[in-house]
Amino acid sequence: RFLLDAPTTSGGASGASGQSGSTPTITLSDLKVKIAANDREIAAGGSSEAYKDCLYLKIKWAREVQYRVGPSGSYFYKRHDASLGSGLAGGTMAFTDPYGSELPATPPPNAGDYQLIGSDAAWFSWKYPGVVDAIRPLPAREYKFYYSPRPKAYIICDGTPDLEKKRQEVFITVTAPAGTLHEAFFDPVTIGTTVGADASNGVIDPDEFTVGSNDYEIESLVWDDDDDEVILTLDDHVSLSGKTLDFIELDGSIDTSLNVSDATVNQTAATWTWSLTSAPWEDGDTLMLRIRETG
């Protein structure tokens with residue numbers, strides 16, 4: 001079981017790849033390389049017995065996974081679909097494992113956990129028994145991540161094989177309310193005398209939206225502390241008449257609303273400017289931007 005390359009089978013005879021019916025072999029030098037690599041991993045893990053046991057299970061599971069890979073290289077896969085409204089409070093349930101109801105209400109001592117893997121996994125968190133929550137209000141789009149159970153004995157060495165980690169994939173469709181033009185993550189930072197986000201600072205993601213058949217990019221959205229103004233700058237002018245900008249907090253409440261009818265518009269510079277008495281956001285805030293129909 002120490003060999004990670006599973007032998008192929010032909011007519012029931014087990015043998016190494018390309019050696020159907022023969023005994024799998026490994027050279028002494030290759031064996032030493034594998035042992036040295038495991039010794040380094042054990043040392044990096046603190047050399048505990050728990051880590052050694054985990055590594056043994058990791059190697060064993062990785063080998064067994066190779067037996068299950070079909071001739072085409074395919075592996076077990078299941079897709080899960082869920083839906084969610086945009087802008088809901090952080091902690092809102094986004095997905096429930098259909099098998100979670102089979103688990104005891106209280107996690108047993110040997111209960112493991114689930115890994116969420118993928119670029120969109122950062123917006124979600126897992127909790128027992130198989131519930132995935134959004135960690136912040138989410139803009140409308142499709143989010144996806146792999147949802148992978150991890151037995152407790154495998155946690156210390158991250159012993160789940162990669163193919164096992166990608167057996168189940170969750171697709172969450174987040175939908176905006178009617179009348180919404182655009183939604184984005186908006187995480188402002190300090191930019192000189194302003195606080196907000198632009199192409200190089202803070203977060204406006206996604207920064208593009210479509211009006212008619214044309215795309216427009218938000219180049220910056222900042223609070224100018226010197227002039228007590230909020231300034232929205234696009235890459236080109238477009239009519240935003242009848243629109244309102246909402247800034248949604250972690251609890252799903254609207255912190256600030258800016259009505260476009262209250263803004264001073266400079267079509268040449270493609271800017272909209274609102275005069276305010278105090279800053280609507282601070283460096284480090286975690287907000288969601290929604291541009292919607294007013295009313």
# chains A, B, ... in the order shown; residues from 1 in each chain; ligands from 1
$ select_by_dssp --residues "range 129-260 of chain A" --states "strand (DSSP E or B)" --output "PyMOL selection string"
chain A and resi 131-134+141-150+168-175+180-187+189-191+194-198+203-205+208-211+214-224+229-234+243-248+254-259
$ residues_around --residues "range 74-91 of chain A" --least-positions-apart "5" --cutoff "9 Å" --atoms "only C-alpha atoms" --output "short mmCIF file (atom, residue, chain, number, x, y, z; two decimals) with all heavy atoms, in the first residue's frame"
data_model
loop_
_atom_site.label_atom_id
_atom_site.label_comp_id
_atom_site.auth_asym_id
_atom_site.auth_seq_id
_atom_site.Cartn_x
_atom_site.Cartn_y
_atom_site.Cartn_z
N VAL A 65 -8.04 5.47 -4.11
CA VAL A 65 -8.73 6.34 -5.05
C VAL A 65 -8.31 6.02 -6.48
O VAL A 65 -9.14 6.04 -7.41
CB VAL A 65 -8.45 7.83 -4.71
CG1 VAL A 65 -8.75 8.73 -5.90
CG2 VAL A 65 -9.28 8.26 -3.51
N ARG A 68 -10.27 3.47 -8.28
CA ARG A 68 -11.64 3.81 -8.66
C ARG A 68 -11.71 4.69 -9.91
O ARG A 68 -12.79 4.95 -10.41
CB ARG A 68 -12.32 4.55 -7.50
CG ARG A 68 -12.37 3.74 -6.21
CD ARG A 68 -13.27 4.42 -5.19
NE ARG A 68 -13.19 3.76 -3.90
CZ ARG A 68 -12.69 4.30 -2.80
NH1 ARG A 68 -12.23 5.54 -2.86
NH2 ARG A 68 -12.66 3.64 -1.67
N VAL A 69 -10.56 5.17 -10.36
CA VAL A 69 -10.56 6.00 -11.57
C VAL A 69 -10.80 5.11 -12.78
O VAL A 69 -10.09 4.13 -12.99
CB VAL A 69 -9.22 6.75 -11.72
CG1 VAL A 69 -9.20 7.54 -13.03
CG2 VAL A 69 -9.01 7.67 -10.53
N THR A 96 -27.81 23.34 2.12
CA THR A 96 -27.90 22.29 3.15
C THR A 96 -27.58 20.96 2.51
O THR A 96 -28.19 20.58 1.49
CB THR A 96 -29.32 22.24 3.76
OG1 THR A 96 -29.64 23.51 4.32
CG2 THR A 96 -29.37 21.19 4.86
N ASP A 97 -26.65 20.24 3.08
CA ASP A 97 -26.28 18.92 2.59
C ASP A 97 -27.51 18.01 2.70
O ASP A 97 -28.07 17.85 3.79
CB ASP A 97 -25.14 18.36 3.43
CG ASP A 97 -24.59 17.05 2.90
OD1 ASP A 97 -25.31 16.36 2.14
OD2 ASP A 97 -23.44 16.71 3.23
N PHE A 124 -18.18 31.68 1.79
CA PHE A 124 -19.07 30.77 2.50
C PHE A 124 -18.33 30.09 3.66
O PHE A 124 -17.11 30.01 3.68
CB PHE A 124 -19.60 29.69 1.54
CG PHE A 124 -20.36 30.26 0.37
CD1 PHE A 124 -19.69 30.56 -0.82
CD2 PHE A 124 -21.71 30.50 0.44
CE1 PHE A 124 -20.38 31.09 -1.91
CE2 PHE A 124 -22.40 31.04 -0.64
CZ PHE A 124 -21.74 31.34 -1.81
N SER A 125 -19.11 29.60 4.62
CA SER A 125 -18.55 28.85 5.75
C SER A 125 -19.44 27.65 6.05
O SER A 125 -20.66 27.69 5.82
CB SER A 125 -18.43 29.74 6.99
OG SER A 125 -19.71 30.16 7.43
N VAL A 132 -24.14 25.24 4.92
CA VAL A 132 -23.21 26.23 4.40
C VAL A 132 -23.89 27.59 4.43
O VAL A 132 -24.99 27.77 3.89
CB VAL A 132 -22.78 25.89 2.96
CG1 VAL A 132 -21.92 27.01 2.38
CG2 VAL A 132 -22.00 24.58 2.94
N ASP A 133 -23.26 28.56 5.10
CA ASP A 133 -23.78 29.92 5.21
C ASP A 133 -22.96 30.88 4.36
O ASP A 133 -21.75 30.69 4.16
CB ASP A 133 -23.73 30.42 6.66
CG ASP A 133 -24.67 29.66 7.58
OD1 ASP A 133 -25.65 29.07 7.06
OD2 ASP A 133 -24.43 29.65 8.80
N ALA A 134 -23.62 31.92 3.85
CA ALA A 134 -22.89 33.03 3.23
C ALA A 134 -22.28 33.88 4.34
O ALA A 134 -22.94 34.15 5.35
CB ALA A 134 -23.83 33.87 2.38
N ILE A 135 -21.02 34.28 4.19
CA ILE A 135 -20.37 35.03 5.27
C ILE A 135 -20.63 36.53 5.17
O ILE A 135 -20.33 37.27 6.09
CB ILE A 135 -18.85 34.76 5.30
CG1 ILE A 135 -18.17 35.32 4.05
CG2 ILE A 135 -18.56 33.28 5.47
CD1 ILE A 135 -16.65 35.30 4.13
N ARG A 136 -21.22 36.98 4.03
CA ARG A 136 -21.51 38.40 3.86
C ARG A 136 -22.60 38.53 2.79
O ARG A 136 -22.87 37.58 2.06
CB ARG A 136 -20.25 39.16 3.43
CG ARG A 136 -19.64 38.69 2.12
CD ARG A 136 -18.37 39.42 1.75
NE ARG A 136 -18.64 40.82 1.40
CZ ARG A 136 -17.70 41.70 1.08
NH1 ARG A 136 -16.42 41.33 1.08
NH2 ARG A 136 -18.01 42.93 0.75
N PRO A 137 -23.25 39.69 2.68
CA PRO A 137 -24.22 39.88 1.60
C PRO A 137 -23.54 39.67 0.24
O PRO A 137 -22.47 40.20 -0.02
CB PRO A 137 -24.67 41.33 1.78
CG PRO A 137 -24.45 41.61 3.24
CD PRO A 137 -23.20 40.86 3.59
N LEU A 138 -24.20 38.91 -0.61
CA LEU A 138 -23.60 38.52 -1.90
C LEU A 138 -24.27 39.23 -3.06
O LEU A 138 -25.50 39.25 -3.16
CB LEU A 138 -23.73 37.01 -2.10
CG LEU A 138 -23.04 36.12 -1.07
CD1 LEU A 138 -23.36 34.65 -1.37
CD2 LEU A 138 -21.53 36.35 -1.08
N PRO A 139 -23.48 39.80 -3.98
CA PRO A 139 -24.04 40.34 -5.23
C PRO A 139 -24.58 39.22 -6.11
O PRO A 139 -24.14 38.06 -6.00
CB PRO A 139 -22.83 41.03 -5.89
CG PRO A 139 -21.81 41.16 -4.81
CD PRO A 139 -22.04 40.04 -3.86
N ALA A 140 -25.48 39.57 -6.99
CA ALA A 140 -26.10 38.58 -7.87
C ALA A 140 -25.09 38.02 -8.86
O ALA A 140 -24.39 38.76 -9.53
CB ALA A 140 -27.27 39.21 -8.62
N ARG A 141 -24.98 36.71 -8.92
CA ARG A 141 -24.25 35.95 -9.92
C ARG A 141 -24.27 34.49 -9.49
O ARG A 141 -24.87 34.14 -8.48
CB ARG A 141 -22.80 36.43 -10.10
CG ARG A 141 -21.86 36.21 -8.93
CD ARG A 141 -20.45 36.59 -9.35
NE ARG A 141 -19.46 36.54 -8.31
CZ ARG A 141 -18.77 35.46 -7.96
NH1 ARG A 141 -19.02 34.30 -8.55
NH2 ARG A 141 -17.84 35.52 -7.02
N LEU A 163 -8.94 14.07 -5.79
CA LEU A 163 -10.13 13.60 -6.50
C LEU A 163 -11.32 13.48 -5.56
O LEU A 163 -12.47 13.75 -5.96
CB LEU A 163 -9.86 12.25 -7.17
CG LEU A 163 -8.96 12.29 -8.41
CD1 LEU A 163 -8.66 10.87 -8.88
CD2 LEU A 163 -9.61 13.08 -9.52
N GLU A 164 -11.08 13.10 -4.31
CA GLU A 164 -12.16 13.03 -3.33
C GLU A 164 -12.67 14.42 -2.99
O GLU A 164 -13.86 14.62 -2.75
CB GLU A 164 -11.68 12.32 -2.06
CG GLU A 164 -11.67 10.82 -2.14
CD GLU A 164 -13.07 10.22 -2.12
OE1 GLU A 164 -13.95 10.80 -1.47
OE2 GLU A 164 -13.27 9.17 -2.76
N LYS A 166 -13.09 16.78 -4.88
CA LYS A 166 -13.90 17.34 -5.96
C LYS A 166 -15.03 16.41 -6.39
O LYS A 166 -15.54 16.50 -7.50
CB LYS A 166 -12.99 17.67 -7.15
CG LYS A 166 -11.97 18.75 -6.82
CD LYS A 166 -11.08 19.09 -8.00
CE LYS A 166 -10.11 20.20 -7.65
NZ LYS A 166 -9.22 20.56 -8.79
N ARG A 167 -15.46 15.54 -5.48
CA ARG A 167 -16.57 14.64 -5.80
C ARG A 167 -17.90 15.38 -5.85
O ARG A 167 -18.78 15.03 -6.63
CB ARG A 167 -16.66 13.53 -4.76
CG ARG A 167 -15.61 12.46 -4.89
CD ARG A 167 -15.85 11.31 -3.94
NE ARG A 167 -17.08 10.59 -4.28
CZ ARG A 167 -17.40 9.41 -3.78
NH1 ARG A 167 -16.60 8.82 -2.92
NH2 ARG A 167 -18.51 8.81 -4.13
N GLN A 168 -18.07 16.40 -4.98
CA GLN A 168 -19.33 17.11 -4.91
C GLN A 168 -19.09 18.60 -5.17
O GLN A 168 -18.22 19.21 -4.56
CB GLN A 168 -19.97 16.95 -3.53
CG GLN A 168 -20.28 15.52 -3.15
CD GLN A 168 -21.07 15.45 -1.87
OE1 GLN A 168 -22.26 15.70 -1.83
NE2 GLN A 168 -20.39 15.11 -0.78
N GLU A 169 -19.87 19.16 -6.10
CA GLU A 169 -19.75 20.57 -6.42
C GLU A 169 -21.10 21.26 -6.21
O GLU A 169 -22.13 20.76 -6.63
CB GLU A 169 -19.28 20.75 -7.86
CG GLU A 169 -18.85 22.17 -8.18
CD GLU A 169 -18.15 22.30 -9.52
OE1 GLU A 169 -18.24 21.35 -10.33
OE2 GLU A 169 -17.50 23.33 -9.76
N VAL A 170 -21.05 22.41 -5.55
CA VAL A 170 -22.25 23.16 -5.24
C VAL A 170 -22.31 24.41 -6.11
O VAL A 170 -21.33 25.16 -6.20
CB VAL A 170 -22.28 23.57 -3.75
CG1 VAL A 170 -23.52 24.40 -3.44
CG2 VAL A 170 -22.23 22.33 -2.86
N PHE A 171 -23.44 24.63 -6.77
CA PHE A 171 -23.70 25.82 -7.57
C PHE A 171 -24.81 26.61 -6.89
O PHE A 171 -25.92 26.09 -6.72
CB PHE A 171 -24.12 25.45 -8.99
CG PHE A 171 -23.03 24.85 -9.83
CD1 PHE A 171 -22.59 23.54 -9.60
CD2 PHE A 171 -22.43 25.58 -10.85
CE1 PHE A 171 -21.58 22.98 -10.37
CE2 PHE A 171 -21.42 25.03 -11.62
CZ PHE A 171 -20.99 23.73 -11.39
N ILE A 172 -24.52 27.85 -6.49
CA ILE A 172 -25.51 28.70 -5.83
C ILE A 172 -25.81 29.89 -6.73
O ILE A 172 -24.91 30.69 -7.03
CB ILE A 172 -25.01 29.16 -4.46
CG1 ILE A 172 -24.79 27.94 -3.56
CG2 ILE A 172 -26.01 30.13 -3.82
CD1 ILE A 172 -24.25 28.27 -2.17
N THR A 173 -27.05 30.00 -7.16
CA THR A 173 -27.47 31.12 -8.00
C THR A 173 -28.05 32.21 -7.11
O THR A 173 -29.07 32.01 -6.44
CB THR A 173 -28.54 30.67 -9.01
OG1 THR A 173 -27.99 29.62 -9.82
CG2 THR A 173 -28.95 31.83 -9.90
N VAL A 174 -27.37 33.36 -7.09
CA VAL A 174 -27.82 34.50 -6.28
C VAL A 174 -28.53 35.48 -7.21
O VAL A 174 -27.97 35.91 -8.22
CB VAL A 174 -26.63 35.17 -5.57
CG1 VAL A 174 -27.09 36.42 -4.82
CG2 VAL A 174 -25.96 34.18 -4.62
N THR A 175 -29.77 35.82 -6.85
CA THR A 175 -30.62 36.63 -7.72
C THR A 175 -30.93 37.97 -7.06
O THR A 175 -31.27 38.02 -5.87
CB THR A 175 -31.93 35.89 -8.02
OG1 THR A 175 -31.63 34.60 -8.58
CG2 THR A 175 -32.79 36.67 -8.99
N ALA A 176 -30.84 39.03 -7.84
CA ALA A 176 -31.12 40.39 -7.34
C ALA A 176 -32.60 40.71 -7.43
O ALA A 176 -33.34 40.11 -8.22
CB ALA A 176 -30.32 41.40 -8.16
N PRO A 177 -33.07 41.67 -6.63
CA PRO A 177 -34.47 42.09 -6.73
C PRO A 177 -34.76 42.74 -8.08
O PRO A 177 -33.86 43.22 -8.76
CB PRO A 177 -34.61 43.13 -5.60
CG PRO A 177 -33.44 42.90 -4.70
CD PRO A 177 -32.34 42.38 -5.56
N GLU A 183 -24.85 45.01 -9.10
CA GLU A 183 -24.46 44.71 -7.73
C GLU A 183 -22.99 44.32 -7.70
O GLU A 183 -22.49 43.71 -8.65
CB GLU A 183 -25.31 43.58 -7.15
CG GLU A 183 -26.76 43.97 -6.93
CD GLU A 183 -27.57 42.88 -6.25
OE1 GLU A 183 -27.20 41.70 -6.36
OE2 GLU A 183 -28.58 43.23 -5.62
N ILE A 248 -24.96 48.22 1.36
CA ILE A 248 -25.55 47.24 2.28
C ILE A 248 -24.48 46.72 3.23
O ILE A 248 -23.39 46.33 2.81
CB ILE A 248 -26.18 46.09 1.47
CG1 ILE A 248 -27.27 46.66 0.55
CG2 ILE A 248 -26.75 45.03 2.39
CD1 ILE A 248 -27.84 45.65 -0.43
N GLU A 249 -24.81 46.71 4.54
CA GLU A 249 -23.88 46.27 5.57
C GLU A 249 -23.95 44.75 5.75
O GLU A 249 -24.79 44.06 5.16
CB GLU A 249 -24.18 46.97 6.88
CG GLU A 249 -23.93 48.47 6.85
CD GLU A 249 -24.02 49.08 8.24
OE1 GLU A 249 -24.98 48.77 8.97
OE2 GLU A 249 -23.11 49.86 8.59
N LEU A 250 -23.08 44.23 6.64
CA LEU A 250 -23.00 42.79 6.88
C LEU A 250 -24.31 42.21 7.37
O LEU A 250 -24.62 41.04 7.12
CB LEU A 250 -21.88 42.47 7.88
CG LEU A 250 -20.45 42.52 7.34
CD1 LEU A 250 -19.46 42.29 8.46
CD2 LEU A 250 -20.25 41.48 6.24
N ASP A 251 -25.09 43.00 8.12
CA ASP A 251 -26.35 42.48 8.64
C ASP A 251 -27.49 42.58 7.64
O ASP A 251 -28.66 42.30 7.96
CB ASP A 251 -26.74 43.18 9.94
CG ASP A 251 -27.01 44.68 9.75
OD1 ASP A 251 -26.92 45.17 8.61
OD2 ASP A 251 -27.28 45.35 10.76
N GLY A 252 -27.19 42.99 6.41
CA GLY A 252 -28.20 43.08 5.37
C GLY A 252 -28.95 44.39 5.34
O GLY A 252 -29.79 44.61 4.46
N SER A 253 -28.66 45.30 6.28
CA SER A 253 -29.34 46.59 6.31
C SER A 253 -28.65 47.56 5.36
O SER A 253 -27.47 47.42 5.03
CB SER A 253 -29.35 47.17 7.72
OG SER A 253 -28.02 47.44 8.16
N MET A 288 -21.80 45.93 0.42
CA MET A 288 -22.23 45.51 -0.91
C MET A 288 -22.90 46.70 -1.59
O MET A 288 -23.72 47.39 -0.97
CB MET A 288 -23.20 44.33 -0.84
CG MET A 288 -23.46 43.68 -2.20
SD MET A 288 -24.85 42.53 -2.20
CE MET A 288 -26.13 43.59 -2.87
N LEU A 289 -22.55 46.95 -2.83
CA LEU A 289 -23.14 48.03 -3.61
C LEU A 289 -24.28 47.49 -4.47
O LEU A 289 -24.12 46.46 -5.13
CB LEU A 289 -22.08 48.67 -4.50
CG LEU A 289 -22.57 49.61 -5.61
CD1 LEU A 289 -23.22 50.85 -5.01
CD2 LEU A 289 -21.43 49.98 -6.54
N ARG A 290 -25.40 48.19 -4.45
CA ARG A 290 -26.51 47.86 -5.35
C ARG A 290 -26.96 49.15 -6.04
O ARG A 290 -27.25 50.15 -5.35
CB ARG A 290 -27.67 47.24 -4.59
CG ARG A 290 -28.92 47.00 -5.47
CD ARG A 290 -30.07 46.44 -4.65
NE ARG A 290 -29.83 45.06 -4.29
CZ ARG A 290 -30.29 44.49 -3.15
NH1 ARG A 290 -30.98 45.23 -2.28
NH2 ARG A 290 -30.03 43.23 -2.89
#
$ atom_distance --atom1 "CA of Ser220 in chain A" --atom2 "CA of Gly179 in chain A"
23.1 Å
$ closest_residue --among "A:Ile204, A:Ala199, A:Leu276, A:Cys157" --to "Glu49 in chain A" --atoms "only C-alpha atoms"
A:Cys157
$ closest_residue --among "A:Asp236, A:Glu217, A:Glu142, A:Glu229" --to "Ala269 in chain A" --atoms "only C-alpha atoms"
A:Asp236
$ atom_distance --atom1 "CA of Gln115 in chain A" --atom2 "CA of Phe185 in chain A"
23.7 Å
$ select_by_dssp --residues "range 68-263 of chain A" --states "helix (DSSP H, G or I)" --output "PyMOL selection string"
chain A and resi 68+100-102+119-123+152-154+162-165+260-262
$ closest_residue --among "A:Asp226, A:Asp283, A:Asp39, A:Glu64" --to "Asn201 in chain A" --atoms "only C-alpha atoms"
A:Asp283
$ residues_around --residues "Ile231 in chain A" --least-positions-apart "3" --cutoff "7 Å" --atoms "only C-alpha atoms" --output "PDB file with N, CA and C atoms, in the first residue's frame"
ATOM      1  N   LEU A 221     -15.059  54.894  -6.785  1.00  0.00           N
ATOM      2  CA  LEU A 221     -16.186  55.317  -5.954  1.00  0.00           C
ATOM      3  C   LEU A 221     -15.588  55.665  -4.603  1.00  0.00           C
ATOM      4  N   VAL A 222     -15.501  56.977  -4.303  1.00  0.00           N
ATOM      5  CA  VAL A 222     -14.728  57.419  -3.144  1.00  0.00           C
ATOM      6  C   VAL A 222     -15.473  58.498  -2.351  1.00  0.00           C
ATOM      7  N   TRP A 223     -15.070  58.620  -1.093  1.00  0.00           N
ATOM      8  CA  TRP A 223     -15.459  59.729  -0.221  1.00  0.00           C
ATOM      9  C   TRP A 223     -14.275  60.675  -0.127  1.00  0.00           C
ATOM     10  N   THR A 271     -18.707  61.775 -14.147  1.00  0.00           N
ATOM     11  CA  THR A 271     -18.724  61.719 -12.685  1.00  0.00           C
ATOM     12  C   THR A 271     -20.099  62.113 -12.147  1.00  0.00           C
ATOM     13  N   TRP A 272     -20.404  61.567 -10.974  1.00  0.00           N
ATOM     14  CA  TRP A 272     -21.593  61.925 -10.207  1.00  0.00           C
ATOM     15  C   TRP A 272     -21.101  62.271  -8.804  1.00  0.00           C
ATOM     16  N   THR A 273     -21.495  63.444  -8.309  1.00  0.00           N
ATOM     17  CA  THR A 273     -20.972  63.929  -7.030  1.00  0.00           C
ATOM     18  C   THR A 273     -22.116  64.265  -6.084  1.00  0.00           C
ATOM     19  N   TRP A 274     -22.022  63.702  -4.878  1.00  0.00           N
ATOM     20  CA  TRP A 274     -22.999  63.984  -3.823  1.00  0.00           C
ATOM     21  C   TRP A 274     -22.304  64.721  -2.681  1.00  0.00           C
TER      22      TRP A 274
END
$ residues_around --residues "Asn110 in chain A" --least-positions-apart "2" --cutoff "10 Å" --atoms "only C-alpha atoms" --output "list of chain:residue names"
A:Pro107, A:Pro108, A:Gly112, A:Asp113, A:Pro151, A:Lys152, A:Ala153
